[in-house]
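Data block for model_14.txt (compact mmCIF, C-alpha atoms):
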```txt
# COMPACT_ATOMS: atom_id res chain seq x y z
CA MET A 1 70.79 -47.05 -21.76
CA THR A 2 68.79 -47.34 -18.53
CA GLU A 3 65.20 -46.13 -18.86
CA PRO A 4 64.47 -42.80 -17.12
CA GLU A 5 62.29 -42.57 -14.06
CA GLN A 6 58.58 -43.07 -14.60
CA THR A 7 56.19 -40.16 -14.23
CA PRO A 8 54.71 -40.27 -10.72
CA ASP A 9 51.12 -41.51 -10.80
CA LEU A 10 48.02 -40.05 -9.26
CA SER A 11 46.54 -42.56 -6.84
CA PRO A 12 43.31 -44.32 -7.86
CA LEU A 13 42.04 -43.26 -4.43
CA ALA A 14 41.98 -39.63 -5.55
CA ARG A 15 38.42 -38.36 -5.65
CA THR A 16 36.01 -35.45 -5.38
CA ILE A 17 34.12 -35.13 -2.09
CA THR A 18 30.90 -33.16 -1.70
CA ARG A 19 29.46 -31.98 1.61
CA ASP A 20 26.63 -29.51 2.12
CA GLY A 21 26.61 -28.67 -1.57
CA LYS A 22 30.34 -27.83 -1.60
CA ALA A 23 33.01 -29.90 -3.30
CA VAL A 24 36.77 -30.36 -2.99
CA ARG A 25 39.14 -32.51 -4.98
CA ILE A 26 41.41 -34.87 -3.04
CA ASP A 27 44.61 -35.55 -4.98
CA ILE A 28 47.11 -38.13 -3.77
CA TYR A 29 50.28 -38.67 -5.74
CA GLU A 30 53.72 -40.23 -5.32
CA ASP A 31 56.57 -38.09 -4.04
CA GLY A 32 59.25 -40.12 -5.80
CA GLU A 33 60.70 -41.36 -2.52
CA GLY A 34 58.17 -44.03 -1.53
CA GLY A 35 55.71 -41.68 0.13
CA TRP A 36 52.43 -40.07 -0.88
CA ILE A 37 51.65 -36.34 -1.07
CA LEU A 38 48.17 -35.18 -0.07
CA GLU A 39 46.67 -32.12 -1.74
CA VAL A 40 43.09 -30.84 -1.48
CA VAL A 41 41.92 -28.30 -4.07
CA ASP A 42 38.67 -26.35 -3.71
CA GLU A 43 36.39 -24.97 -6.42
CA HIS A 44 38.29 -21.66 -6.42
CA GLY A 45 41.63 -23.33 -7.10
CA ASN A 46 42.93 -22.83 -3.55
CA SER A 47 45.23 -25.67 -2.62
CA THR A 48 45.95 -27.20 0.79
CA VAL A 49 49.03 -29.41 0.82
CA TRP A 50 50.17 -31.43 3.82
CA ASP A 51 53.84 -30.78 4.58
CA ASP A 52 54.75 -34.38 5.36
CA ALA A 53 54.37 -37.31 3.00
CA PHE A 54 52.23 -40.30 4.09
CA PRO A 55 53.50 -43.91 4.17
CA SER A 56 50.55 -45.09 2.09
CA GLU A 57 47.89 -43.65 -0.18
CA ARG A 58 45.18 -45.00 2.11
CA GLU A 59 46.57 -43.10 5.09
CA ALA A 60 46.64 -39.93 3.01
CA LEU A 61 42.99 -40.39 2.01
CA ASP A 62 41.97 -41.13 5.59
CA GLU A 63 43.64 -37.93 6.77
CA ALA A 64 41.72 -35.85 4.24
CA LEU A 65 38.41 -37.51 5.08
CA ASN A 66 38.99 -37.14 8.83
CA THR A 67 39.76 -33.45 8.37
CA ILE A 68 36.49 -32.96 6.48
CA ASP A 69 34.50 -34.95 9.06
CA GLU A 70 36.04 -33.30 12.11
CA ASP A 71 36.67 -29.73 10.93
CA GLY A 72 34.08 -29.45 8.20
CA ILE A 73 34.57 -29.05 4.47
CA ASP A 74 34.70 -25.27 4.90
CA SER A 75 38.07 -25.68 6.61
CA LEU A 76 39.48 -26.66 3.23
CA ILE A 77 37.72 -24.00 1.18
CA GLY A 78 39.10 -20.51 0.74
CA SER A 79 37.98 -17.43 -1.10
CA PRO A 80 38.75 -16.95 -4.81
CA VAL A 81 42.50 -16.48 -5.05
CA CYS A 82 42.22 -13.62 -7.49
CA ALA A 83 40.06 -12.12 -10.18
CA LEU A 84 41.88 -14.00 -12.94
CA LYS A 85 39.91 -16.55 -14.92
CA PRO A 86 41.63 -19.82 -15.90
CA ALA A 87 42.16 -18.49 -19.42
CA ASP A 88 43.95 -15.45 -17.99
CA LEU A 89 46.46 -17.71 -16.28
CA ASN A 90 47.70 -18.73 -19.71
CA GLN A 91 48.62 -15.18 -20.74
CA PRO A 92 52.38 -14.58 -21.13
CA LEU A 93 53.88 -11.98 -18.83
CA SER A 94 54.51 -8.56 -20.30
CA ARG A 95 57.93 -6.96 -19.97
CA ALA A 96 56.54 -4.80 -17.16
CA GLU A 97 55.18 -7.87 -15.36
CA LEU A 98 58.52 -9.65 -15.66
CA ASN A 99 60.12 -6.60 -14.06
CA GLU A 100 57.47 -6.62 -11.33
CA LEU A 101 58.14 -10.27 -10.54
CA ASP A 102 61.89 -9.68 -10.58
CA GLU A 103 61.55 -6.79 -8.15
CA PHE A 104 59.61 -8.97 -5.72
CA LEU A 105 62.24 -11.70 -5.94
CA ALA A 106 64.83 -9.04 -5.13
CA ASP A 107 63.04 -8.08 -1.91
CA GLU A 108 65.40 -7.87 1.05
CA SER A 109 63.53 -10.62 2.89
CA ILE A 110 64.48 -13.29 0.32
CA GLU A 111 67.03 -11.82 -2.11
CA ALA A 112 69.94 -13.66 -0.50
CA THR A 113 68.43 -17.00 -1.49
CA SER A 114 65.80 -16.33 -4.15
CA MET A 115 66.03 -16.80 -7.88
CA ASP A 116 65.82 -13.88 -10.25
CA VAL A 117 63.60 -13.97 -13.32
CA SER A 118 66.34 -15.43 -15.51
CA THR A 119 67.21 -18.22 -13.08
CA LEU A 120 63.50 -18.88 -12.61
CA GLN A 121 62.78 -19.34 -16.29
CA GLY A 122 65.72 -21.70 -16.73
CA PHE A 123 64.53 -23.69 -13.71
CA LEU A 124 60.98 -23.90 -15.07
CA ALA A 125 62.26 -24.97 -18.49
CA ALA A 126 64.05 -27.98 -16.97
CA ILE A 127 60.93 -28.90 -14.99
CA VAL A 128 58.63 -28.64 -18.01
CA ILE A 129 60.74 -30.58 -20.52
CA GLY A 130 62.22 -33.07 -18.05
CA PRO A 131 61.64 -36.79 -17.50
CA ARG A 132 58.76 -36.59 -15.04
CA ALA A 133 56.01 -34.31 -13.89
CA VAL A 134 57.16 -32.00 -11.11
CA HIS A 135 54.15 -30.62 -9.28
CA LEU A 136 53.98 -27.02 -8.14
CA PRO A 137 54.28 -27.91 -4.42
CA GLU A 138 57.63 -29.53 -5.20
CA TRP A 139 59.24 -26.68 -7.13
CA LEU A 140 57.74 -23.54 -5.59
CA PRO A 141 59.89 -23.47 -2.39
CA TRP A 142 63.03 -23.46 -4.55
CA VAL A 143 61.95 -20.19 -6.15
CA TRP A 144 62.24 -18.47 -2.76
CA ASP A 145 65.27 -20.50 -1.66
CA MET A 146 67.36 -21.91 -4.51
CA GLN A 147 69.96 -23.22 -2.09
CA GLU A 148 67.89 -25.40 0.22
CA GLY A 149 64.24 -25.04 -0.77
CA GLN A 150 63.30 -24.08 2.79
CA ALA A 151 62.71 -20.33 2.93
CA GLU A 152 59.24 -18.87 2.40
CA ALA A 153 58.24 -15.65 0.73
CA LYS A 154 56.81 -12.88 2.91
CA PHE A 155 53.86 -11.01 1.45
CA ASP A 156 52.55 -7.67 2.70
CA ASN A 157 48.93 -8.78 2.30
CA ARG A 158 46.66 -11.25 0.55
CA GLU A 159 46.40 -9.07 -2.54
CA GLN A 160 50.17 -9.09 -3.02
CA ALA A 161 50.31 -12.85 -2.49
CA ASP A 162 47.60 -13.38 -5.11
CA ARG A 163 49.36 -11.08 -7.54
CA ILE A 164 52.81 -12.66 -7.23
CA MET A 165 51.41 -16.19 -7.37
CA SER A 166 49.42 -15.36 -10.49
CA LEU A 167 52.59 -14.02 -12.14
CA LEU A 168 54.50 -17.19 -11.25
CA VAL A 169 51.72 -19.46 -12.49
CA ARG A 170 51.41 -17.53 -15.75
CA HIS A 171 55.19 -17.64 -16.25
CA TYR A 172 55.17 -21.41 -15.73
CA ASN A 173 52.16 -21.94 -17.98
CA THR A 174 53.80 -19.94 -20.76
CA VAL A 175 56.80 -22.27 -20.71
CA VAL A 176 54.45 -25.29 -20.77
CA HIS A 177 52.44 -24.01 -23.73
CA THR A 178 55.51 -22.98 -25.70
CA PHE A 179 57.02 -26.45 -25.54
CA LEU A 180 53.68 -28.09 -26.25
CA ASP A 181 52.92 -25.89 -29.26
CA ASP A 182 56.19 -24.68 -30.80
CA PRO A 183 59.45 -25.50 -28.97
CA ALA A 184 61.53 -23.68 -31.60
CA SER A 185 59.84 -20.40 -30.64
CA PHE A 186 61.05 -20.52 -27.04
CA GLU A 187 62.86 -17.29 -26.18
CA PRO A 188 65.06 -17.22 -23.04
CA VAL A 189 64.57 -14.03 -21.03
CA PHE A 190 68.28 -13.27 -21.18
CA THR A 191 67.63 -12.13 -24.76
CA LEU A 192 65.10 -9.55 -23.56
CA ARG A 193 66.93 -7.53 -20.93
CA ASN A 194 70.59 -7.00 -20.19
CA GLN A 195 70.20 -7.50 -16.45
CA TRP A 196 68.89 -11.06 -16.90
CA GLY A 197 72.06 -13.04 -17.56
CA ALA A 198 72.58 -16.23 -19.51
CA ALA A 199 74.73 -17.58 -16.68
CA GLU A 200 71.85 -17.25 -14.22
CA TRP A 201 69.45 -18.82 -16.70
CA CYS A 202 71.64 -21.87 -17.20
CA GLU A 203 72.26 -22.15 -13.46
CA GLY A 204 68.51 -22.37 -12.97
CA PHE A 205 68.19 -24.97 -15.72
CA ILE A 206 70.81 -27.17 -14.07
CA LEU A 207 69.14 -26.71 -10.68
CA GLY A 208 65.99 -28.20 -12.20
CA PHE A 209 67.80 -31.53 -12.69
CA GLN A 210 67.54 -32.29 -8.97
CA PHE A 211 64.03 -33.73 -9.25
CA SER A 212 65.31 -36.60 -11.46
CA ASP A 213 69.07 -36.63 -10.95
CA GLU A 214 69.72 -40.10 -12.30
CA ALA A 215 67.69 -39.67 -15.48
CA TRP A 216 69.32 -36.34 -16.30
CA SER A 217 72.80 -37.76 -15.58
CA LEU A 218 72.24 -40.70 -17.90
CA LEU A 219 71.06 -38.46 -20.73
CA SER A 220 73.92 -35.97 -20.30
CA ALA A 221 76.40 -38.85 -20.48
CA GLU A 222 74.84 -40.17 -23.69
CA GLU A 223 74.29 -36.78 -25.36
CA PRO A 224 76.96 -34.44 -23.94
CA THR A 225 76.68 -31.94 -26.80
CA TRP A 226 73.07 -31.20 -25.84
CA PHE A 227 74.23 -30.08 -22.40
CA ALA A 228 77.32 -28.16 -23.47
CA PRO A 229 75.61 -24.73 -23.59
CA PHE A 230 74.31 -25.04 -20.03
CA LEU A 231 77.60 -26.29 -18.62
CA ARG A 232 79.62 -23.64 -20.46
CA LEU A 233 77.35 -20.83 -19.26
CA GLY A 234 76.03 -22.06 -15.90
CA THR A 235 78.96 -23.60 -14.00
CA ASP A 236 82.09 -22.04 -12.53
CA ASP A 237 84.46 -24.06 -14.72
CA GLY A 238 82.36 -23.46 -17.80
CA ILE A 239 82.14 -19.72 -17.22
CA HIS A 240 85.91 -19.54 -16.71
CA LEU A 241 86.53 -21.34 -20.01
CA THR A 242 83.89 -19.33 -21.86
CA THR A 243 85.35 -16.06 -20.62
CA LYS A 244 88.84 -17.18 -21.61
CA LEU A 245 87.77 -18.19 -25.13
CA GLY A 246 85.32 -15.34 -25.59
CA ASP A 247 82.67 -17.58 -27.15
CA ALA A 248 79.67 -16.81 -24.91
CA GLU A 249 77.49 -15.69 -27.82
CA ARG A 250 77.95 -19.03 -29.53
CA TRP A 251 76.71 -20.94 -26.50
CA MET A 252 73.81 -18.56 -25.87
CA ASN A 253 72.66 -19.18 -29.42
CA GLU A 254 72.80 -22.92 -28.75
CA VAL A 255 70.46 -22.83 -25.73
CA THR A 256 67.14 -23.07 -27.57
CA PRO A 257 68.29 -25.73 -30.10
CA SER A 258 69.55 -27.84 -27.19
CA LEU A 259 66.25 -27.40 -25.36
CA GLU A 260 64.41 -28.61 -28.45
CA LYS A 261 66.49 -31.79 -28.58
CA ILE A 262 66.12 -32.53 -24.87
CA HIS A 263 62.38 -31.82 -24.98
CA ALA A 264 61.90 -34.17 -27.95
CA TYR A 265 63.84 -36.91 -26.17
CA TRP A 266 61.87 -36.76 -22.92
CA LYS A 267 58.56 -36.29 -24.74
CA ASP A 268 59.18 -39.56 -26.53
CA LYS A 269 60.04 -41.30 -23.25
CA ARG A 270 57.30 -39.95 -21.02
CA VAL A 271 54.05 -41.84 -20.57
CA ARG A 272 52.14 -38.58 -20.38
CA GLN A 273 52.76 -34.89 -20.91
CA PRO A 274 54.89 -32.87 -18.43
CA GLY A 275 53.34 -31.24 -15.38
CA GLY A 276 50.77 -29.32 -17.39
CA VAL A 277 49.26 -25.94 -16.82
CA VAL A 278 48.60 -24.83 -13.28
CA GLN A 279 45.22 -23.44 -12.30
CA HIS A 280 45.92 -22.55 -8.68
CA GLU A 281 48.47 -21.37 -6.18
CA THR A 282 49.92 -23.44 -3.36
CA ARG A 283 52.62 -23.60 -0.73
CA LEU A 284 54.52 -26.55 0.63
CA GLY A 285 56.72 -26.86 3.69
CA GLY A 286 59.57 -29.33 4.02
CA GLN A 287 61.50 -30.35 0.93
CA LYS A 288 64.25 -32.81 0.16
CA ALA A 289 67.86 -31.71 0.32
CA ALA A 290 69.18 -29.40 -2.35
CA ALA A 291 71.30 -30.57 -5.23
CA GLN A 292 74.96 -29.61 -5.20
CA ALA A 293 75.39 -25.90 -5.81
CA VAL A 294 76.41 -25.07 -9.34
CA ARG A 295 78.25 -21.84 -8.75
CA GLY A 296 80.74 -21.19 -5.98
CA GLY A 297 80.91 -18.36 -3.49
CA PRO A 298 78.16 -16.43 -1.75
CA LYS A 299 75.31 -15.04 -3.81
CA ILE A 300 75.53 -11.29 -4.41
CA GLY A 301 72.22 -9.64 -3.55
CA ARG A 302 70.92 -7.26 -6.20
CA ASN A 303 70.72 -4.50 -3.59
CA ASP A 304 74.19 -5.24 -2.20
CA PRO A 305 77.17 -2.99 -2.98
CA CYS A 306 78.79 -4.04 -6.24
CA PRO A 307 81.97 -6.12 -5.68
CA CYS A 308 83.78 -3.96 -8.23
CA ARG A 309 83.83 -1.24 -5.50
CA SER A 310 82.17 1.37 -7.67
CA GLY A 311 79.97 2.42 -4.74
CA LYS A 312 76.81 1.56 -6.71
CA LYS A 313 74.33 -1.21 -6.00
CA PHE A 314 75.08 -4.47 -7.82
CA LYS A 315 71.88 -4.30 -9.90
CA LYS A 316 72.82 -0.81 -11.10
CA CYS A 317 76.42 -1.70 -11.92
CA CYS A 318 77.91 -5.09 -12.88
CA GLY A 319 74.52 -6.73 -12.36
CA ALA A 320 73.15 -4.59 -15.18
CA VAL A 321 75.82 -5.28 -17.77
CA ASP A 322 74.96 -7.06 -20.99
CA ALA A 323 74.46 -10.83 -21.07
CA LEU A 324 78.02 -11.45 -22.18
CA GLY A 325 79.38 -9.38 -19.33
CA ALA A 326 77.23 -11.34 -16.88
CA LEU A 327 79.56 -14.28 -17.39
CA HIS A 328 82.21 -13.00 -14.98
```
Could you express the structure from this file as structure tokens?
Amino acid sequence: MTEPEQTPDLSPLARTITRDGKAVRIDIYEDGEGGWILEVVDEHGNSTVWDDAFPSEREALDEALNTIDEDGIDSLIGSPVCALKPADLNQPLSRAELNELDEFLADESIEATSMDVSTLQGFLAAIVIGPRAVHLPEWLPWVWDMQEGQAEAKFDNREQADRIMSLLVRHYNTVVHTFLDDPASFEPVFTLRNQWGAAEWCEGFILGFQFSDEAWSLLSAEEPTWFAPFLRLGTDDGIHLTTKLGDAERWMNEVTPSLEKIHAYWKDKRVRQPGGVVQHETRLGGQKAAAQAVRGGPKIGRNDPCPCRSGKKFKKCCGAVDALGALH
């Protein structure tokens, strides 16, 4: 079997720069496509990421140093992103906080393209247990736009932005810590609330393959049974067959055991641990093209009229059925 892709390395040119008693960290790391991503993080955890990759790590470093020399180090330093301490960013989301995050993702400005909480957790699970580290600037745009990774979230104010970003970071960190500490204890959100479907969760998991397509494809070909739950619950053909056979519960029960096996495989192959906990928020502009869509047809917004013609909103009708019913 061909070896999976190597974890992208942080450049040896990465460094901490101090000016006028203030410090920022310059991180330069591979983008997986021959370029170099430049990120500058201040003491508060604020992150500045350049939209375009640089041809070389030296050019990326020069750009950061020139910015500091010409615009001053203060141009790369923001205010504390929120009142949360680093330890707080490792706290799992409560049920109420999951609902709060889901409501934001259902906002009219992004609901046509955004993930819901179930899709999001599946997506994060693939990122965390996968073959290489996927940095937050790479995956965040796909949360707002799961089709192309181009749309941006619109916040009412800085406080709302801080709040939503802290929820996302905590949600991600919880997945990281669960697989580091006790993979068998991982609990998909579709077991917590009827509105969060297993189909959406598995769709998100499959979407997470896009960052290492070849490595995931090779593993799925060698160990097809590990991927059966996600294909049966998260693809059009799989959902059709699952609905016909009425065995959705079986495949939902197989999700966590399959995740354990995949996690153990990639953990053994990786040079270092997956992405790791996030201590800051960030935004990134342009992204590479989206992977092929998993499910056909236009996405039904949660505030759209239900296609069953009941006259109710989707989230109050068929979008709120139990997890088995979500596989329609």
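Distances to Gly208 in chain A were evaluated for A:Ala23, A:Leu101, A:Ala64, A:Met146 using only C-alpha atoms, and the minimum falls at A:Met146.
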Could you check which of A:Gly45, A:Pro131, A:Phe227, A:Ser212 is closest to Asp162 in chain A, using all atoms listed in the file?
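Answer, going by the shortest atom-to-atom distance: A:Gly45.
Atom to atom, CA of Leu180 in chain A and CA of Ile26 in chain A stand 27.1 Å apart.
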What does the structure give for the distance between CA of Glu254 in chain A and CA of Gly238 in chain A, in Å to one decimal?
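Going from CA of Glu254 in chain A over to CA of Gly238 in chain A covers 14.5 Å.
CA of Glu111 in chain A is positioned 21.7 Å from CA of Leu192 in chain A.
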Which is closer to Ser109 in chain A than all the others in A:Glu223, A:Glu138, A:Asp156, A:Glu57, using all atoms listed in the file?
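Checking each of A:Glu223, A:Glu138, A:Asp156, A:Glu57 against Ser109 in chain A, counting all atoms listed in the file, the winner is A:Asp156.
With all atoms listed in the file as the atoms that count, the residue of A:Asp213, A:Glu260, A:Asp102, A:Asp268 with the shortest distance to Thr178 in chain A is A:Glu260.
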